[in-house]
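Listing of coords.cif, mmCIF, C-alpha atoms
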data_run
#
loop_
_atom_site.group_PDB
_atom_site.id
_atom_site.type_symbol
_atom_site.label_atom_id
_atom_site.label_comp_id
_atom_site.auth_asym_id
_atom_site.auth_seq_id
_atom_site.Cartn_x
_atom_site.Cartn_y
_atom_site.Cartn_z
ATOM 1 C CA MET A 30 0.000 0.000 0.000
ATOM 2 C CA SER A 31 1.514 3.337 -0.995
ATOM 3 C CA SER A 32 1.168 6.509 0.983
ATOM 4 C CA THR A 33 1.599 10.104 0.016
ATOM 5 C CA SER A 34 2.784 12.939 2.192
ATOM 6 C CA SER A 35 1.781 16.515 1.772
ATOM 7 C CA ARG A 36 3.915 19.475 2.625
ATOM 8 C CA PRO A 37 2.856 20.836 6.002
ATOM 9 C CA ARG A 38 1.213 24.218 5.883
ATOM 10 C CA THR A 39 2.663 27.009 7.943
ATOM 11 C CA ARG A 40 0.046 28.882 9.848
ATOM 12 C CA LYS A 41 1.051 32.398 10.693
ATOM 13 C CA ALA A 42 -0.491 34.877 13.061
ATOM 14 C CA PRO A 43 -2.879 37.273 11.280
ATOM 15 C CA ALA A 44 -0.727 40.306 12.109
ATOM 16 C CA GLU A 45 2.380 38.609 10.704
ATOM 17 C CA ARG A 46 0.607 37.557 7.510
ATOM 18 C CA ALA A 47 -0.877 41.030 7.025
ATOM 19 C CA ALA A 48 2.560 42.610 7.497
ATOM 20 C CA GLU A 49 4.058 40.245 4.908
ATOM 21 C CA ILE A 50 1.423 41.242 2.369
ATOM 22 C CA VAL A 51 2.054 44.950 2.942
ATOM 23 C CA ALA A 52 5.804 44.343 2.673
ATOM 24 C CA ALA A 53 5.321 42.522 -0.623
ATOM 25 C CA ALA A 54 3.192 45.364 -1.975
ATOM 26 C CA THR A 55 5.756 47.923 -0.836
ATOM 27 C CA ALA A 56 8.548 46.047 -2.596
ATOM 28 C CA ILE A 57 6.560 46.002 -5.829
ATOM 29 C CA ALA A 58 5.823 49.721 -5.634
ATOM 30 C CA ARG A 59 9.461 50.538 -4.932
ATOM 31 C CA ASP A 60 10.645 48.437 -7.894
ATOM 32 C CA GLN A 61 7.897 49.101 -10.421
ATOM 33 C CA GLY A 62 5.690 51.931 -9.164
ATOM 34 C CA LEU A 63 2.219 52.147 -7.667
ATOM 35 C CA SER A 64 0.536 51.188 -10.940
ATOM 36 C CA ALA A 65 2.077 47.703 -10.679
ATOM 37 C CA LEU A 66 0.094 46.959 -7.517
ATOM 38 C CA THR A 67 -2.515 44.385 -8.454
ATOM 39 C CA LEU A 68 -4.054 41.603 -6.411
ATOM 40 C CA ARG A 69 -2.241 38.965 -8.461
ATOM 41 C CA ALA A 70 1.131 40.727 -8.349
ATOM 42 C CA VAL A 71 1.002 41.148 -4.584
ATOM 43 C CA ALA A 72 -0.015 37.514 -4.105
ATOM 44 C CA GLU A 73 2.848 36.303 -6.295
ATOM 45 C CA ARG A 74 5.409 38.460 -4.478
ATOM 46 C CA ALA A 75 4.118 37.330 -1.076
ATOM 47 C CA GLY A 76 3.941 33.707 -2.173
ATOM 48 C CA VAL A 77 0.293 33.269 -1.209
ATOM 49 C CA ALA A 78 -3.038 32.802 -2.961
ATOM 50 C CA SER A 79 -4.856 35.862 -4.274
ATOM 51 C CA GLY A 80 -7.767 35.032 -2.000
ATOM 52 C CA LEU A 81 -5.559 35.376 1.052
ATOM 53 C CA VAL A 82 -4.439 38.825 -0.056
ATOM 54 C CA ALA A 83 -8.079 39.806 -0.572
ATOM 55 C CA HIS A 84 -8.882 38.488 2.919
ATOM 56 C CA TYR A 85 -6.273 40.678 4.595
ATOM 57 C CA GLN A 86 -6.540 43.607 2.165
ATOM 58 C CA PRO A 87 -10.158 43.706 0.945
ATOM 59 C CA SER A 88 -9.602 47.122 -0.657
ATOM 60 C CA MET A 89 -6.741 47.489 -3.120
ATOM 61 C CA ASP A 90 -7.309 51.248 -3.067
ATOM 62 C CA ASP A 91 -6.574 51.268 0.664
ATOM 63 C CA LEU A 92 -3.503 49.080 0.158
ATOM 64 C CA VAL A 93 -2.148 51.418 -2.521
ATOM 65 C CA ALA A 94 -2.690 54.389 -0.191
ATOM 66 C CA ARG A 95 -0.984 52.556 2.682
ATOM 67 C CA VAL A 96 2.033 51.648 0.570
ATOM 68 C CA TYR A 97 2.296 55.182 -0.808
ATOM 69 C CA ALA A 98 2.154 56.695 2.690
ATOM 70 C CA ASP A 99 4.740 54.261 4.049
ATOM 71 C CA LEU A 100 7.197 54.907 1.219
ATOM 72 C CA VAL A 101 6.897 58.681 1.408
ATOM 73 C CA ASP A 102 7.068 58.621 5.220
ATOM 74 C CA GLU A 103 10.381 56.774 4.943
ATOM 75 C CA GLU A 104 11.659 59.303 2.414
ATOM 76 C CA VAL A 105 10.622 62.348 4.453
ATOM 77 C CA LYS A 106 12.197 60.983 7.637
ATOM 78 C CA ASP A 107 15.427 60.283 5.759
ATOM 79 C CA VAL A 108 15.551 63.836 4.387
ATOM 80 C CA GLU A 109 14.620 65.316 7.776
ATOM 81 C CA ARG A 110 17.550 63.499 9.406
ATOM 82 C CA MET A 111 19.914 64.662 6.714
ATOM 83 C CA VAL A 112 18.970 68.358 6.719
ATOM 84 C CA GLY A 113 18.556 68.368 10.505
ATOM 85 C CA ALA A 114 22.286 67.766 10.858
ATOM 86 C CA VAL A 115 23.013 71.117 9.130
ATOM 87 C CA ALA A 116 22.729 74.195 11.346
ATOM 88 C CA ASP A 117 22.915 77.097 8.888
ATOM 89 C CA PRO A 118 19.570 77.664 7.091
ATOM 90 C CA ALA A 119 21.146 78.507 3.729
ATOM 91 C CA ALA A 120 23.361 75.424 3.886
ATOM 92 C CA ARG A 121 20.343 73.383 5.011
ATOM 93 C CA LEU A 122 18.349 74.534 1.989
ATOM 94 C CA GLY A 123 21.275 73.629 -0.246
ATOM 95 C CA ALA A 124 21.543 70.195 1.359
ATOM 96 C CA LEU A 125 17.818 69.669 0.820
ATOM 97 C CA MET A 126 18.111 70.515 -2.864
ATOM 98 C CA ASP A 127 21.195 68.324 -3.225
ATOM 99 C CA THR A 128 19.533 65.227 -1.852
ATOM 100 C CA LEU A 129 16.334 65.746 -3.857
ATOM 101 C CA MET A 130 18.119 66.482 -7.144
ATOM 102 C CA ASN A 131 21.068 64.101 -7.056
ATOM 103 C CA GLY A 132 19.423 61.503 -9.287
ATOM 104 C CA GLY A 133 19.334 58.901 -6.529
ATOM 105 C CA ARG A 134 15.606 59.049 -5.833
ATOM 106 C CA GLU A 135 14.124 58.102 -9.201
ATOM 107 C CA GLU A 136 12.044 55.312 -7.689
ATOM 108 C CA MET A 137 10.366 57.828 -5.379
ATOM 109 C CA THR A 138 9.784 60.239 -8.253
ATOM 110 C CA VAL A 139 7.833 57.434 -9.959
ATOM 111 C CA VAL A 140 5.826 56.885 -6.758
ATOM 112 C CA TRP A 141 5.026 60.600 -6.495
ATOM 113 C CA VAL A 142 4.067 61.051 -10.154
ATOM 114 C CA GLU A 143 1.854 57.969 -10.156
ATOM 115 C CA GLY A 144 0.385 58.959 -6.810
ATOM 116 C CA TRP A 145 -0.757 62.306 -8.195
ATOM 117 C CA ALA A 146 -2.294 60.670 -11.253
ATOM 118 C CA MET A 147 -3.934 57.714 -9.501
ATOM 119 C CA ALA A 148 -5.308 59.885 -6.681
ATOM 120 C CA ARG A 149 -7.940 61.211 -9.080
ATOM 121 C CA ARG A 150 -9.656 57.813 -8.936
ATOM 122 C CA ASN A 151 -8.667 56.685 -5.440
ATOM 123 C CA ASP A 152 -10.063 58.714 -2.533
ATOM 124 C CA ALA A 153 -7.882 56.992 0.061
ATOM 125 C CA LEU A 154 -4.773 57.718 -1.986
ATOM 126 C CA ALA A 155 -5.858 61.329 -2.523
ATOM 127 C CA LEU A 156 -5.964 61.832 1.250
ATOM 128 C CA ALA A 157 -2.541 60.227 1.637
ATOM 129 C CA VAL A 158 -1.042 62.361 -1.138
ATOM 130 C CA ARG A 159 -2.345 65.577 0.382
ATOM 131 C CA ALA A 160 -1.092 64.604 3.840
ATOM 132 C CA GLN A 161 2.410 63.858 2.554
ATOM 133 C CA MET A 162 2.490 67.041 0.489
ATOM 134 C CA GLU A 163 1.719 68.941 3.690
ATOM 135 C CA ARG A 164 4.681 67.243 5.358
ATOM 136 C CA TRP A 165 7.004 68.423 2.588
ATOM 137 C CA GLN A 166 5.495 71.892 2.834
ATOM 138 C CA THR A 167 6.140 71.958 6.587
ATOM 139 C CA LEU A 168 9.734 70.802 6.159
ATOM 140 C CA VAL A 169 10.689 73.334 3.490
ATOM 141 C CA GLU A 170 8.741 76.153 5.107
ATOM 142 C CA SER A 171 10.496 75.557 8.447
ATOM 143 C CA ILE A 172 13.908 75.911 6.781
ATOM 144 C CA ILE A 173 12.868 79.198 5.188
ATOM 145 C CA GLU A 174 11.370 80.502 8.451
ATOM 146 C CA ASP A 175 14.633 79.683 10.263
ATOM 147 C CA GLY A 176 16.517 81.622 7.608
ATOM 148 C CA CYS A 177 14.223 84.596 8.044
ATOM 149 C CA ARG A 178 14.733 84.543 11.828
ATOM 150 C CA THR A 179 18.514 84.523 11.473
ATOM 151 C CA GLY A 180 18.551 87.175 8.747
ATOM 152 C CA ALA A 181 19.870 84.765 6.102
ATOM 153 C CA PHE A 182 16.606 85.080 4.131
ATOM 154 C CA SER A 183 14.355 88.080 3.701
ATOM 155 C CA THR A 184 11.141 86.794 2.128
ATOM 156 C CA ALA A 185 7.905 87.841 3.799
ATOM 157 C CA GLU A 186 6.065 84.794 2.377
ATOM 158 C CA PRO A 187 7.850 81.616 3.543
ATOM 159 C CA GLY A 188 4.808 79.421 2.945
ATOM 160 C CA GLU A 189 4.259 80.515 -0.642
ATOM 161 C CA VAL A 190 7.988 80.369 -1.409
ATOM 162 C CA ALA A 191 8.208 76.857 0.022
ATOM 163 C CA TRP A 192 5.412 75.780 -2.289
ATOM 164 C CA GLU A 193 7.169 77.324 -5.300
ATOM 165 C CA LEU A 194 10.445 75.580 -4.457
ATOM 166 C CA ILE A 195 8.744 72.213 -4.036
ATOM 167 C CA GLY A 196 6.994 72.743 -7.366
ATOM 168 C CA MET A 197 10.262 73.537 -9.141
ATOM 169 C CA ILE A 198 12.094 70.543 -7.710
ATOM 170 C CA ASP A 199 9.217 68.117 -8.299
ATOM 171 C CA GLY A 200 8.685 69.424 -11.821
ATOM 172 C CA LEU A 201 12.347 69.092 -12.778
ATOM 173 C CA ASN A 202 12.555 65.595 -11.300
ATOM 174 C CA ALA A 203 9.433 64.503 -13.175
ATOM 175 C CA GLN A 204 10.656 66.080 -16.418
ATOM 176 C CA SER A 205 14.064 64.446 -16.061
ATOM 177 C CA LEU A 206 12.433 61.077 -15.454
ATOM 178 C CA ALA A 207 10.264 61.416 -18.564
ATOM 179 C CA ARG A 208 13.115 62.700 -20.728
ATOM 180 C CA GLY A 209 15.680 60.231 -19.405
ATOM 181 C CA THR A 210 18.045 63.012 -18.366
ATOM 182 C CA ASP A 211 20.006 63.763 -15.195
ATOM 183 C CA THR A 212 18.411 66.160 -12.709
ATOM 184 C CA THR A 213 21.789 67.089 -11.211
ATOM 185 C CA ARG A 214 22.520 69.297 -14.214
ATOM 186 C CA PHE A 215 19.782 71.681 -13.001
ATOM 187 C CA ALA A 216 20.693 71.729 -9.293
ATOM 188 C CA ALA A 217 23.014 74.760 -9.369
ATOM 189 C CA ARG A 218 20.590 76.790 -11.494
ATOM 190 C CA THR A 219 17.704 75.869 -9.195
ATOM 191 C CA ALA A 220 19.796 76.938 -6.194
ATOM 192 C CA ARG A 221 20.237 80.384 -7.761
ATOM 193 C CA ALA A 222 16.478 80.607 -8.291
ATOM 194 C CA ALA A 223 15.939 79.540 -4.668
ATOM 195 C CA GLU A 224 18.212 82.346 -3.461
ATOM 196 C CA ALA A 225 16.095 84.890 -5.322
ATOM 197 C CA LEU A 226 12.851 83.453 -3.946
ATOM 198 C CA VAL A 227 13.939 83.338 -0.303
ATOM 199 C CA GLY A 228 15.885 86.601 -0.490
ATOM 200 C CA ALA A 229 19.293 85.099 0.250
ATOM 201 C CA ARG A 230 22.762 86.409 -0.506
ATOM 202 C CA PRO A 231 23.884 85.223 -3.971
ATOM 203 C CA GLY A 232 25.986 82.071 -3.683
ATOM 204 C CA SER A 233 24.867 81.304 -0.136
ATOM 205 C CA VAL A 234 22.674 78.338 -1.096
ATOM 206 C CA ALA A 235 25.389 75.954 -2.198
ATOM 207 C CA VAL A 236 24.861 72.589 -3.883
ATOM 208 C CA ALA A 237 27.474 69.949 -4.583
ATOM 209 C CA SER A 238 26.159 69.181 -8.071
#
Written as structure tokens, how would this file's structure read?
Amino acid sequence: MSSTSSRPRTRKAPAERAAEIVAAATAIARDQGLSALTLRAVAERAGVASGLVAHYQPSMDDLVARVYADLVDEEVKDVERMVGAVADPAARLGALMDTLMNGGREEMTVVWVEGWAMARRNDALALAVRAQMERWQTLVESIIEDGCRTGAFSTAEPGEVAWELIGMIDGLNAQSLARGTDTTRFAARTARAAEALVGARPGSVAVAS
């Protein structure tokens, strides 16, 4: 009489399984962008059945928003640590522009661009996008306000200027991604524009590029 043996199934705690599914989705988004997040793709990356993904993540819209928020949160914290180590506001603004325009964050540019586009049809993602944009606004605005307090900058509109700077940097990164060019070539020119916007001494906002 022959007998067959089946591979034992590994039962994991719900929290562990849910975390694995989110991690798989995050890895896909980092490698391929938010648009690559499908039920089947996440299941394949996690090594589970699609039905299990649907059980733990019944709304793909919510999963996309969660992944987007997690990725951007990681990016913002990384940039905050980097610029927080620089005391002088002008040098801090230059360091911010350096890290955002050094060509090393293309995967996050894809996440941002797709987030803006997909948010039109995903309410949960739209909320996440707006929340993360506010975080960037707060970060850049705080640098400009510090510069105004120390006399390094003279603008009377730090909030509006912060928005303009973010728009310039995001726009150049998105354009460079679409054109297949290097954003670093625009860093020095953007620094000169930033000096004019914040009212800084020419040459005080230095970038390595």
Practice item. Please check which residues have atoms at most 9 Å from (13.1, 76.3, 4.4) in the file's coordinates, counting all atoms listed in the file, and write them as JSON, numbers by chain. Key: {"A": [118, 119, 121, 122, 125, 166, 167, 168, 169, 170, 171, 172, 173, 174, 175, 176, 187, 188, 190, 191, 227]}
If we draw a sphere of 12 Å around (0.1, 32.9, -0.8), which residues have at least one atom in it when counting all atoms listed in the file? Please report them as a PDB file with C-alpha atoms, in the frame of the given file.
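Result file out-v7.pdb:
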ATOM      1  CA  ARG A  38       1.213  24.218   5.883  1.00  0.00           C
ATOM      2  CA  THR A  39       2.663  27.009   7.943  1.00  0.00           C
ATOM      3  CA  ARG A  40       0.046  28.882   9.848  1.00  0.00           C
ATOM      4  CA  LYS A  41       1.051  32.398  10.693  1.00  0.00           C
ATOM      5  CA  ARG A  46       0.607  37.557   7.510  1.00  0.00           C
ATOM      6  CA  ALA A  47      -0.877  41.030   7.025  1.00  0.00           C
ATOM      7  CA  GLU A  49       4.058  40.245   4.908  1.00  0.00           C
ATOM      8  CA  ILE A  50       1.423  41.242   2.369  1.00  0.00           C
ATOM      9  CA  ALA A  53       5.321  42.522  -0.623  1.00  0.00           C
ATOM     10  CA  LEU A  68      -4.054  41.603  -6.411  1.00  0.00           C
ATOM     11  CA  ARG A  69      -2.241  38.965  -8.461  1.00  0.00           C
ATOM     12  CA  ALA A  70       1.131  40.727  -8.349  1.00  0.00           C
ATOM     13  CA  VAL A  71       1.002  41.148  -4.584  1.00  0.00           C
ATOM     14  CA  ALA A  72      -0.015  37.514  -4.105  1.00  0.00           C
ATOM     15  CA  GLU A  73       2.848  36.303  -6.295  1.00  0.00           C
ATOM     16  CA  ARG A  74       5.409  38.460  -4.478  1.00  0.00           C
ATOM     17  CA  ALA A  75       4.118  37.330  -1.076  1.00  0.00           C
ATOM     18  CA  GLY A  76       3.941  33.707  -2.173  1.00  0.00           C
ATOM     19  CA  VAL A  77       0.293  33.269  -1.209  1.00  0.00           C
ATOM     20  CA  ALA A  78      -3.038  32.802  -2.961  1.00  0.00           C
ATOM     21  CA  SER A  79      -4.856  35.862  -4.274  1.00  0.00           C
ATOM     22  CA  GLY A  80      -7.767  35.032  -2.000  1.00  0.00           C
ATOM     23  CA  LEU A  81      -5.559  35.376   1.052  1.00  0.00           C
ATOM     24  CA  VAL A  82      -4.439  38.825  -0.056  1.00  0.00           C
ATOM     25  CA  ALA A  83      -8.079  39.806  -0.572  1.00  0.00           C
ATOM     26  CA  HIS A  84      -8.882  38.488   2.919  1.00  0.00           C
ATOM     27  CA  TYR A  85      -6.273  40.678   4.595  1.00  0.00           C
TER      28      TYR A  85
END
Practice item. Quick one: apply the PyMOL selection byres ((chain A and resi 58-65) around 7) to the file and drop the selected residues here as JSON, numbers by chain. Key: {"A": [54, 55, 56, 57, 66, 67, 93, 136, 139, 140, 143]}
Exercise for review: Report the distance between atom CA of A:Asp152 and atom CA of A:Trp165 in Å, rounded to one decimal place.
Suggested key: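 So the two atoms, atom CA of A:Asp152 and atom CA of A:Trp165, lie 20.3 Å apart.
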Check your understanding: If you measure from atom CA of A:Glu163 to atom CA of A:Ala52, what distance in Å do you get, rounded to one decimal?
Key -> 25.0 Å
**Study point:** A:Asp107 surroundings by all atoms listed in the file, 12 Å radius, close-in-sequence under 4 positions cut, as a ChimeraX atom specification
**Key:** /A:100-103,111-114,125,128-129,134,168
Practice item. On this file, the PyMOL selection byres ((chain A and resi 205-219) around 6) gives some set of residues; write that set as a ChimeraX atom specification. Key: /A:130-132,201-204,220-222,238
Point to revise | Among listed residues A:Ala223, A:Ala148, A:Gly228, A:Leu156, nearest A:Ala185 (using all atoms listed in the file) | key: A:Gly228
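Atom pair atom CA of A:Met126 / atom CA of A:Val236: separated by 7.1 Å.
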Please give the centre and size of the box around stretch 130-147 of chain A (axis-aligned, containing every atom listed in the file, 3 Å added per side), with values in Å to one decimal and written as AutoDock Vina command-line options.
--center_x 8.6 --center_y 60.9 --center_z -8.3 --size_x 31.0 --size_y 17.2 --size_z 11.9
**Study point:** Using all atoms listed in the file: which of A:Ala181, A:Ala237, A:Met197, A:Ala124 has the shortest distance to A:Glu224
**Key:**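 Of the candidates, the smallest distance to A:Glu224 is held by A:Ala181.
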Rebuild stretch 146-180 of chain A to N, CA and C atoms - output it as an mmCIF file, keeping the file's coordinate frame, please.
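Wrote it out as rebuild12.cif, contents follow:
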data_model
loop_
_atom_site.group_PDB
_atom_site.id
_atom_site.type_symbol
_atom_site.label_atom_id
_atom_site.label_comp_id
_atom_site.auth_asym_id
_atom_site.auth_seq_id
_atom_site.Cartn_x
_atom_site.Cartn_y
_atom_site.Cartn_z
ATOM 1 N N ALA A 146 -1.376 61.075 -10.190
ATOM 2 C CA ALA A 146 -2.294 60.670 -11.253
ATOM 3 C C ALA A 146 -3.380 59.722 -10.740
ATOM 4 N N MET A 147 -2.989 58.723 -9.968
ATOM 5 C CA MET A 147 -3.934 57.714 -9.501
ATOM 6 C C MET A 147 -4.875 58.253 -8.429
ATOM 7 N N ALA A 148 -4.478 59.323 -7.742
ATOM 8 C CA ALA A 148 -5.308 59.885 -6.681
ATOM 9 C C ALA A 148 -6.632 60.428 -7.209
ATOM 10 N N ARG A 149 -6.690 60.711 -8.493
ATOM 11 C CA ARG A 149 -7.940 61.211 -9.080
ATOM 12 C C ARG A 149 -9.046 60.165 -9.021
ATOM 13 N N ARG A 150 -8.656 58.889 -8.941
ATOM 14 C CA ARG A 150 -9.656 57.813 -8.936
ATOM 15 C C ARG A 150 -9.600 56.980 -7.655
ATOM 16 N N ASN A 151 -8.843 57.431 -6.685
ATOM 17 C CA ASN A 151 -8.667 56.685 -5.440
ATOM 18 C C ASN A 151 -8.727 57.671 -4.284
ATOM 19 N N ASP A 152 -9.868 57.727 -3.602
ATOM 20 C CA ASP A 152 -10.063 58.714 -2.533
ATOM 21 C C ASP A 152 -9.089 58.514 -1.384
ATOM 22 N N ALA A 153 -8.814 57.254 -1.036
ATOM 23 C CA ALA A 153 -7.882 56.992 0.061
ATOM 24 C C ALA A 153 -6.481 57.481 -0.296
ATOM 25 N N LEU A 154 -6.083 57.256 -1.536
ATOM 26 C CA LEU A 154 -4.773 57.718 -1.986
ATOM 27 C C LEU A 154 -4.722 59.236 -2.040
ATOM 28 N N ALA A 155 -5.812 59.860 -2.467
ATOM 29 C CA ALA A 155 -5.858 61.329 -2.523
ATOM 30 C C ALA A 155 -5.595 61.931 -1.148
ATOM 31 N N LEU A 156 -6.192 61.346 -0.119
ATOM 32 C CA LEU A 156 -5.964 61.832 1.250
ATOM 33 C C LEU A 156 -4.507 61.651 1.651
ATOM 34 N N ALA A 157 -3.937 60.498 1.298
ATOM 35 C CA ALA A 157 -2.541 60.227 1.637
ATOM 36 C C ALA A 157 -1.601 61.177 0.914
ATOM 37 N N VAL A 158 -1.877 61.443 -0.357
ATOM 38 C CA VAL A 158 -1.042 62.361 -1.138
ATOM 39 C C VAL A 158 -1.067 63.752 -0.531
ATOM 40 N N ARG A 159 -2.249 64.234 -0.191
ATOM 41 C CA ARG A 159 -2.345 65.577 0.382
ATOM 42 C C ARG A 159 -1.616 65.653 1.725
ATOM 43 N N ALA A 160 -1.750 64.618 2.530
ATOM 44 C CA ALA A 160 -1.092 64.604 3.840
ATOM 45 C C ALA A 160 0.428 64.648 3.687
ATOM 46 N N GLN A 161 0.967 63.881 2.739
ATOM 47 C CA GLN A 161 2.410 63.858 2.554
ATOM 48 C C GLN A 161 2.911 65.147 1.899
ATOM 49 N N MET A 162 2.105 65.750 1.054
ATOM 50 C CA MET A 162 2.490 67.041 0.489
ATOM 51 C C MET A 162 2.576 68.096 1.579
ATOM 52 N N GLU A 163 1.674 68.018 2.554
ATOM 53 C CA GLU A 163 1.719 68.941 3.690
ATOM 54 C C GLU A 163 2.987 68.746 4.503
ATOM 55 N N ARG A 164 3.441 67.498 4.619
ATOM 56 C CA ARG A 164 4.681 67.243 5.358
ATOM 57 C C ARG A 164 5.866 67.888 4.658
ATOM 58 N N TRP A 165 5.934 67.778 3.328
ATOM 59 C CA TRP A 165 7.004 68.423 2.588
ATOM 60 C C TRP A 165 6.908 69.944 2.728
ATOM 61 N N GLN A 166 5.696 70.454 2.671
ATOM 62 C CA GLN A 166 5.495 71.892 2.834
ATOM 63 C C GLN A 166 6.028 72.351 4.190
ATOM 64 N N THR A 167 5.696 71.610 5.238
ATOM 65 C CA THR A 167 6.140 71.958 6.587
ATOM 66 C C THR A 167 7.655 71.939 6.689
ATOM 67 N N LEU A 168 8.283 70.919 6.093
ATOM 68 C CA LEU A 168 9.734 70.802 6.159
ATOM 69 C C LEU A 168 10.427 71.973 5.481
ATOM 70 N N VAL A 169 10.033 72.266 4.242
ATOM 71 C CA VAL A 169 10.689 73.334 3.490
ATOM 72 C C VAL A 169 10.372 74.703 4.105
ATOM 73 N N GLU A 170 9.133 74.880 4.507
ATOM 74 C CA GLU A 170 8.741 76.153 5.107
ATOM 75 C C GLU A 170 9.518 76.411 6.399
ATOM 76 N N SER A 171 9.762 75.375 7.185
ATOM 77 C CA SER A 171 10.496 75.557 8.447
ATOM 78 C C SER A 171 11.934 75.995 8.194
ATOM 79 N N ILE A 172 12.548 75.487 7.122
ATOM 80 C CA ILE A 172 13.908 75.911 6.781
ATOM 81 C C ILE A 172 13.920 77.392 6.412
ATOM 82 N N ILE A 173 12.933 77.798 5.618
ATOM 83 C CA ILE A 173 12.868 79.198 5.188
ATOM 84 C C ILE A 173 12.579 80.112 6.379
ATOM 85 N N GLU A 174 11.683 79.701 7.259
ATOM 86 C CA GLU A 174 11.370 80.502 8.451
ATOM 87 C C GLU A 174 12.601 80.659 9.341
ATOM 88 N N ASP A 175 13.399 79.587 9.482
ATOM 89 C CA ASP A 175 14.633 79.683 10.263
ATOM 90 C C ASP A 175 15.583 80.698 9.630
ATOM 91 N N GLY A 176 15.659 80.670 8.294
ATOM 92 C CA GLY A 176 16.517 81.622 7.608
ATOM 93 C C GLY A 176 16.062 83.056 7.792
ATOM 94 N N CYS A 177 14.759 83.254 7.822
ATOM 95 C CA CYS A 177 14.223 84.596 8.044
ATOM 96 C C CYS A 177 14.527 85.085 9.461
ATOM 97 N N ARG A 178 14.450 84.169 10.443
ATOM 98 C CA ARG A 178 14.733 84.543 11.828
ATOM 99 C C ARG A 178 16.201 84.924 12.028
ATOM 100 N N THR A 179 17.088 84.241 11.310
ATOM 101 C CA THR A 179 18.514 84.523 11.473
ATOM 102 C C THR A 179 18.999 85.656 10.580
ATOM 103 N N GLY A 180 18.151 86.124 9.668
ATOM 104 C CA GLY A 180 18.551 87.175 8.747
ATOM 105 C C GLY A 180 19.194 86.666 7.468
#
